[in-house]
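Pasted below: upload-v4.tsv, TSV, C-alpha atoms.
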chain	number	residue	atom	x	y	z
T	118	MET	CA	62.97	-94.59	-141.65
T	119	ASN	CA	64.60	-92.53	-144.38
T	120	TYR	CA	66.23	-89.14	-143.87
T	121	LEU	CA	63.99	-86.67	-145.72
T	122	LEU	CA	66.74	-84.16	-146.52
T	123	SER	CA	69.03	-86.72	-148.11
T	124	ARG	CA	69.78	-86.84	-151.82
T	125	ALA	CA	67.98	-90.19	-152.01
T	126	SER	CA	64.76	-88.60	-150.71
T	127	ARG	CA	64.77	-85.69	-153.15
T	128	PRO	CA	62.19	-87.36	-155.48
T	129	ILE	CA	59.76	-87.37	-152.54
T	130	ILE	CA	60.21	-83.61	-152.07
T	131	THR	CA	59.86	-83.06	-155.81
T	132	ARG	CA	56.57	-84.96	-155.85
T	133	LEU	CA	55.22	-82.82	-153.02
T	134	VAL	CA	56.13	-79.67	-154.95
T	135	HIS	CA	54.36	-80.80	-158.13
T	136	GLU	CA	51.14	-82.04	-156.48
T	137	ARG	CA	48.37	-80.20	-154.68
T	138	THR	CA	49.97	-80.93	-151.32
T	139	LEU	CA	48.54	-80.23	-147.90
T	140	CYS	CA	51.46	-79.20	-145.65
T	141	ALA	CA	50.53	-80.01	-142.05
T	142	PHE	CA	52.57	-79.57	-138.88
T	143	ASP	CA	52.47	-80.19	-135.17
T	144	PHE	CA	53.56	-77.15	-133.15
T	145	ASP	CA	55.59	-78.02	-130.03
T	146	GLY	CA	58.75	-79.90	-130.92
T	147	THR	CA	58.09	-79.37	-134.63
T	148	LEU	CA	57.58	-75.70	-135.50
T	149	SER	CA	58.75	-74.68	-132.02
T	150	PRO	CA	61.57	-76.13	-129.92
T	151	ILE	CA	60.65	-78.07	-126.77
T	152	VAL	CA	60.98	-75.84	-123.70
T	153	GLU	CA	60.73	-76.27	-119.92
T	154	HIS	CA	57.21	-74.78	-119.67
T	155	PRO	CA	54.51	-74.61	-122.40
T	156	ASP	CA	54.09	-70.86	-121.97
T	157	GLN	CA	57.71	-70.32	-123.07
T	158	ALA	CA	57.27	-72.00	-126.46
T	159	GLY	CA	57.55	-70.01	-129.66
T	160	MET	CA	58.82	-70.22	-133.21
T	161	ARG	CA	62.14	-68.77	-134.24
T	162	ASN	CA	61.79	-65.69	-136.43
T	163	ARG	CA	63.16	-67.61	-139.41
T	164	THR	CA	60.62	-70.41	-138.93
T	165	ARG	CA	57.77	-67.89	-138.71
T	166	ASP	CA	58.89	-66.16	-141.91
T	167	LEU	CA	59.30	-69.44	-143.80
T	168	LEU	CA	55.94	-70.79	-142.62
T	169	GLY	CA	54.25	-67.61	-143.83
T	170	ARG	CA	55.90	-67.96	-147.23
T	171	LEU	CA	54.99	-71.65	-147.39
T	172	ALA	CA	51.34	-70.86	-146.61
T	173	SER	CA	51.20	-68.49	-149.59
T	174	LEU	CA	52.27	-71.34	-151.89
T	175	TYR	CA	50.58	-74.47	-150.43
T	176	PRO	CA	47.48	-75.17	-148.33
T	177	CYS	CA	48.96	-75.25	-144.81
T	178	ILE	CA	47.51	-76.27	-141.47
T	179	VAL	CA	48.70	-76.82	-137.91
T	180	VAL	CA	47.32	-79.69	-135.82
T	181	SER	CA	48.48	-79.18	-132.24
T	182	GLY	CA	47.96	-80.67	-128.81
T	183	ARG	CA	47.51	-77.12	-127.49
T	184	SER	CA	44.13	-75.47	-127.28
T	185	ARG	CA	43.18	-73.83	-130.55
T	186	ALA	CA	43.22	-70.33	-129.01
T	187	ASP	CA	46.66	-70.94	-127.55
T	188	VAL	CA	48.24	-72.13	-130.79
T	189	LEU	CA	46.51	-69.34	-132.77
T	190	ASP	CA	48.22	-66.87	-130.45
T	191	LYS	CA	51.57	-68.58	-131.04
T	192	LEU	CA	50.95	-68.39	-134.82
T	193	SER	CA	49.88	-64.74	-134.80
T	194	GLY	CA	50.62	-63.09	-138.14
T	195	VAL	CA	50.84	-66.36	-140.09
T	196	HIS	CA	47.76	-66.96	-142.25
T	197	LEU	CA	47.00	-70.68	-142.52
T	198	ALA	CA	44.17	-72.64	-144.12
T	199	SER	CA	43.23	-74.10	-140.73
T	200	VAL	CA	44.39	-74.44	-137.14
T	201	ILE	CA	43.18	-77.44	-135.11
T	202	GLY	CA	43.80	-77.85	-131.40
T	203	ASN	CA	43.57	-80.43	-128.63
T	204	HIS	CA	45.15	-83.34	-130.55
T	205	GLY	CA	42.61	-83.06	-133.39
T	206	ALA	CA	39.52	-82.63	-131.20
T	207	GLU	CA	39.07	-78.86	-131.51
T	208	SER	CA	38.22	-77.16	-134.79
T	209	GLU	CA	36.73	-73.72	-135.32
T	210	THR	CA	33.18	-75.04	-134.83
T	211	THR	CA	33.61	-77.75	-132.16
T	212	SER	CA	31.64	-77.36	-128.94
T	213	GLU	CA	33.62	-77.71	-125.72
T	214	PRO	CA	33.02	-80.71	-123.36
T	215	ARG	CA	33.70	-78.50	-120.34
T	216	SER	CA	31.84	-80.46	-117.63
T	217	LEU	CA	33.53	-83.78	-118.43
T	218	VAL	CA	37.03	-82.31	-118.51
T	219	ALA	CA	36.37	-80.35	-115.32
T	220	LYS	CA	35.50	-83.60	-113.49
T	221	TRP	CA	38.73	-85.19	-114.69
T	222	ARG	CA	40.75	-82.21	-113.53
T	223	ALA	CA	39.24	-82.25	-110.05
T	224	ALA	CA	39.98	-85.97	-109.65
T	225	LEU	CA	43.55	-85.66	-110.92
T	226	GLU	CA	44.41	-82.67	-108.74
T	227	LEU	CA	43.02	-84.46	-105.69
T	228	GLU	CA	44.84	-87.75	-106.34
T	229	LEU	CA	48.15	-86.22	-107.41
T	230	ARG	CA	48.40	-83.42	-104.85
T	231	SER	CA	51.22	-85.21	-102.99
T	232	MET	CA	53.51	-85.31	-106.06
T	233	PRO	CA	55.65	-82.10	-106.24
T	234	GLY	CA	56.33	-80.91	-109.77
T	235	VAL	CA	53.20	-82.50	-111.26
T	236	TRP	CA	50.61	-80.03	-112.56
T	237	VAL	CA	47.46	-80.16	-114.67
T	238	GLU	CA	46.99	-77.95	-117.73
T	239	ASP	CA	43.32	-77.50	-118.65
T	240	LYS	CA	42.87	-76.94	-122.39
T	241	GLY	CA	39.08	-77.06	-122.43
T	242	PHE	CA	38.79	-80.08	-124.73
T	243	SER	CA	41.56	-82.03	-123.01
T	244	LEU	CA	43.99	-82.09	-120.10
T	245	ALA	CA	47.77	-82.32	-120.08
T	246	VAL	CA	49.32	-83.61	-116.86
T	247	HIS	CA	52.92	-82.41	-116.85
T	248	TYR	CA	55.67	-84.09	-114.84
T	249	ARG	CA	58.80	-82.59	-116.43
T	250	GLN	CA	59.54	-80.71	-113.19
T	251	CYS	CA	58.99	-83.77	-110.95
T	252	THR	CA	62.09	-85.53	-109.59
T	253	GLN	CA	60.36	-88.94	-109.60
T	254	LYS	CA	59.29	-89.04	-113.23
T	255	ALA	CA	58.67	-92.77	-113.62
T	256	GLU	CA	56.52	-92.89	-110.48
T	257	ALA	CA	54.66	-89.74	-111.51
T	258	ARG	CA	53.85	-91.19	-114.93
T	259	ARG	CA	52.66	-94.44	-113.32
T	260	GLN	CA	50.40	-92.63	-110.88
T	261	ILE	CA	48.93	-90.34	-113.55
T	262	PHE	CA	47.94	-93.30	-115.70
T	263	ALA	CA	46.57	-95.11	-112.64
T	264	VAL	CA	44.25	-92.17	-111.88
T	265	ALA	CA	43.27	-91.83	-115.56
T	266	ASP	CA	42.26	-95.51	-115.62
T	267	LYS	CA	39.55	-94.73	-113.04
T	268	LEU	CA	37.99	-91.91	-115.05
T	269	LYS	CA	35.04	-92.26	-117.42
T	270	HIS	CA	35.06	-91.66	-121.17
T	271	VAL	CA	38.78	-90.85	-121.25
T	272	HIS	CA	41.56	-91.74	-123.66
T	273	ALA	CA	44.95	-91.26	-121.98
T	274	PHE	CA	48.25	-91.33	-123.85
T	275	GLY	CA	51.79	-90.27	-123.11
T	276	GLY	CA	54.04	-87.63	-124.59
T	277	LYS	CA	57.31	-85.94	-123.76
T	278	GLN	CA	57.09	-85.89	-119.95
T	279	VAL	CA	53.34	-85.35	-120.12
T	280	VAL	CA	50.21	-87.52	-120.04
T	281	ASN	CA	47.32	-86.31	-122.20
T	282	LEU	CA	43.63	-87.00	-121.50
T	283	VAL	CA	41.01	-86.50	-124.22
T	284	PRO	CA	37.39	-87.70	-124.56
T	285	ASP	CA	37.45	-91.25	-125.89
T	286	MET	CA	35.17	-90.41	-128.85
T	287	ALA	CA	36.99	-87.23	-129.90
T	288	PRO	CA	38.70	-87.02	-133.32
T	289	ASN	CA	42.45	-87.61	-133.23
T	290	LYS	CA	45.14	-85.97	-135.34
T	291	GLY	CA	44.73	-88.56	-138.08
T	292	ASP	CA	40.99	-87.90	-138.29
T	293	ALA	CA	41.57	-84.15	-138.42
T	294	LEU	CA	44.26	-84.48	-141.07
T	295	ALA	CA	42.04	-86.65	-143.31
T	296	ALA	CA	39.14	-84.20	-142.97
T	297	GLU	CA	41.33	-81.21	-143.91
T	298	ARG	CA	42.88	-83.09	-146.83
T	299	ASP	CA	39.40	-83.72	-148.22
T	300	ARG	CA	38.07	-80.24	-147.44
T	301	LEU	CA	41.02	-78.55	-149.17
T	302	GLU	CA	40.89	-81.01	-152.10
T	303	CYS	CA	44.51	-82.08	-151.78
T	304	ASN	CA	45.83	-85.24	-153.39
T	305	CYS	CA	49.03	-85.42	-151.33
T	306	VAL	CA	49.82	-84.78	-147.66
T	307	LEU	CA	53.02	-83.86	-145.84
T	308	PHE	CA	52.73	-84.19	-142.08
T	309	VAL	CA	55.57	-83.37	-139.68
T	310	GLY	CA	55.35	-84.19	-135.97
T	311	ASP	CA	57.53	-85.33	-133.12
T	312	ASP	CA	55.57	-87.21	-130.48
T	313	GLU	CA	53.34	-90.12	-129.57
T	314	ASN	CA	50.17	-88.12	-130.24
T	315	ASP	CA	51.27	-87.69	-133.87
T	316	GLU	CA	51.22	-91.43	-134.63
T	317	GLU	CA	47.61	-91.45	-135.89
T	318	ALA	CA	48.55	-88.74	-138.38
T	319	PHE	CA	51.73	-90.60	-139.35
T	320	ALA	CA	49.55	-93.65	-140.09
T	321	LEU	CA	47.19	-91.82	-142.47
T	322	GLY	CA	46.85	-93.76	-145.72
T	323	GLY	CA	46.92	-92.53	-149.29
T	324	ASN	CA	49.58	-90.24	-150.70
T	325	THR	CA	50.96	-89.22	-147.33
T	326	VAL	CA	54.57	-88.38	-146.47
T	327	PRO	CA	54.82	-88.78	-142.66
T	328	VAL	CA	57.92	-87.16	-141.14
T	329	ARG	CA	59.08	-87.46	-137.54
T	330	ILE	CA	61.43	-85.07	-135.76
T	331	GLY	CA	64.04	-87.49	-134.46
T	332	ARG	CA	64.52	-91.04	-135.68
T	333	LYS	CA	62.53	-93.74	-133.89
T	334	GLN	CA	62.26	-97.41	-134.78
T	335	ARG	CA	58.68	-97.95	-133.63
T	336	SER	CA	56.81	-95.26	-135.51
T	337	HIS	CA	54.40	-95.04	-138.42
T	338	ALA	CA	56.54	-92.21	-139.81
T	339	ARG	CA	58.55	-93.33	-142.84
T	340	TYR	CA	60.83	-90.28	-142.92
T	341	TYR	CA	62.64	-88.24	-140.30
T	342	LEU	CA	64.50	-85.02	-139.65
T	343	ARG	CA	67.48	-85.25	-137.31
T	344	THR	CA	66.60	-82.25	-135.16
T	345	GLN	CA	63.81	-79.72	-134.70
T	346	ALA	CA	66.07	-77.03	-136.16
T	347	GLU	CA	65.96	-78.83	-139.53
T	348	ILE	CA	62.32	-77.81	-139.95
T	349	ASP	CA	63.66	-74.52	-141.31
T	350	GLU	CA	65.67	-76.34	-143.96
T	351	LEU	CA	62.62	-78.35	-145.02
T	352	LEU	CA	60.37	-75.28	-145.20
T	353	GLU	CA	62.97	-73.35	-147.17
T	354	LEU	CA	63.38	-76.24	-149.63
T	355	LEU	CA	59.63	-76.53	-150.20
T	356	VAL	CA	59.33	-72.77	-150.72
T	357	ARG	CA	62.30	-72.50	-153.07
T	358	LEU	CA	61.28	-75.43	-155.26
T	359	ARG	CA	57.62	-74.32	-155.49
T	360	GLU	CA	58.63	-70.75	-156.36
T	361	HIS	CA	60.71	-72.13	-159.22
T	362	ASN	CA	57.96	-74.49	-160.35
T	363	THR	CA	55.84	-72.11	-162.40
T	364	SER	CA	53.61	-74.88	-163.71
T	365	VAL	CA	51.92	-75.43	-160.30

Could you express the structure from this file as structure tokens?
Amino acid sequence: MNYLLSRASRPIITRLVHERTLCAFDFDGTLSPIVEHPDQAGMRNRTRDLLGRLASLYPCIVVSGRSRADVLDKLSGVHLASVIGNHGAESETTSEPRSLVAKWRAALELELRSMPGVWVEDKGFSLAVHYRQCTQKAEARRQIFAVADKLKHVHAFGGKQVVNLVPDMAPNKGDALAAERDRLECNCVLFVGDDENDEEAFALGGNTVPVRIGRKQRSHARYYLRTQAEIDELLELLVRLREHNTSV
């Protein structure tokens, strides 16, 4: 992986500025710092201001694991080309698989009721089983996956002290990113994420610059930022260079 803000990577940034680039971002851990509880998450004022400026210069989208309504609330006041929720499964027009997800939730809450600190977040199109507040994290993760293995039509995958469950035929972040790239007629894509559920987007082919928050050896991302706070530096650089590039 190459450090995106290094001098050696500047030609990559320059190419993004000169192309019709789709700028796409995860939310938690990318635009917003990771926090103890999902409800506490939010962008810094500087990040919000820079994202708004970026969206006036480039087609910009957010593809989040949160429900679409939740992330729209977190992005209030920032006008983007699109906001997609539930790991790529929920667009503005997607119908909600409520009955299937409700069955999963009932089974999980029954099977995991003896594990303090484990709780189920229902996002309509998916579930997030959080174990950040559990003292036996490894055992909690094992048990969550064991219950998920018994459920029908589910795709379960891990994250940062969470296990996510989505319908096995639902679009993932890579699918959503490709669809938005084509819809917005972009010939280049910048995607920034931080977690396991971003790997499908990192792996998108074509003129894609996949960037991970935090360096990791086993990742499809070819570039990285050292910390979540560096998202502000990246946004500011993209804004400043595009504002000075009058030919675009």

Original post:
So which one's closest to T:Tyr248, T:Ala224, T:Val195, T:Val279, T:Cys303? Using only C-alpha atoms, please.
Top reply: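 Distance minimum relative to T:Tyr248 lands on T:Val279.
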
Original post:
Hey, which of T:His270, T:Arg185, T:Arg163, T:Lys191 ends up closest to T:Phe242? Count only C-alpha atoms.
Top reply: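 Looking at the shortest contact to T:Phe242, the residue is T:Arg185.
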
Original post:
Could you state the separation of atom CA of T:Asp299 and atom CA of T:Ile330 in Å, given to one decimal place?
Top reply: 25.3 Å

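With distances restricted to all atoms listed in the file, T:Glu313 is the closest residue to T:Gly276 from T:Asp145, T:Glu360, T:Glu228, T:Glu313.
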
Show me, as a Markdown table, the residues of stretch 198-314 of chain T having an atom within 10 Å of stretch 343-353 of chain T, each with the closest atom pair and its distance in Å, using all atoms listed in the file.
| residue | atom | partner | partner_atom | distance |
| --- | --- | --- | --- | --- |
| T:Val309 | CA | T:Ile348 | CA | 8.7 |
| T:Gly310 | CA | T:Gln345 | CA | 9.7 |
| T:Asp311 | CA | T:Gln345 | CA | 8.6 |

Original post:
Can you tell me, as a list in words, which residues sit within 10 Å of (44.9, -93.4, -108.6) in the file's frame, using all atoms listed in the file?
Top reply: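 Neighbouring residues, ordered by chain and number, come to Ala224, Leu225, Leu227, Glu228, Leu229, Arg259, Gln260, Ile261, Phe262, Ala263, Val264, Ala265, Asp266, Lys267 and Leu268 of chain T.
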
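With atom CA of T:Arg161 on one side and atom CA of T:Leu148 on the other, the separation reads 8.4 Å.
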
Original post:
Between T:Val271, T:Cys305, T:Ile201, T:Leu294, which is the closest to T:Arg137 once you count only C-alpha atoms?
Top reply: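 Counting only C-alpha atoms, the residue closest to T:Arg137 is T:Cys305.
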
Original post:
So, counting all atoms listed in the file, which residue among T:Ala198, T:Val218, T:Leu192, T:Leu133 is closest to T:Cys177?
Top reply: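 Checking each candidate against T:Cys177, we get T:Ala198 as the closest.
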
Original post:
Could you pull the residues within 12 Å of T:Leu189, counting only C-alpha atoms, minus those fewer than 2 positions along the same chain, as JSON, numbers by chain?
Top reply: {"T": [144, 159, 178, 179, 180, 181, 183, 184, 185, 186, 187, 191, 192, 193, 194, 195, 196, 197, 199, 200, 201, 202, 208, 209]}

**OP:** Find the distance between atom CA of T:Arg132 and atom CA of T:Leu354 and write it in Å to one decimal.
**Re:**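 Here the two named atoms are 12.7 Å from each other.
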
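Nearest-residue note for T:His204: choosing from T:Val188, T:Leu342, T:Val152, T:Ala257, the minimum distance belongs to T:Val188, counting only C-alpha atoms.
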
Where is the centre and how long are the edges: axis-aligned box on stretch 235-252 of chain T, 8 Å on each side, Å to one decimal, as JSON:
{"center_x": 50.4, "center_y": -81.2, "center_z": -117.2, "size_x": 39.3, "size_y": 24.6, "size_z": 31.1}
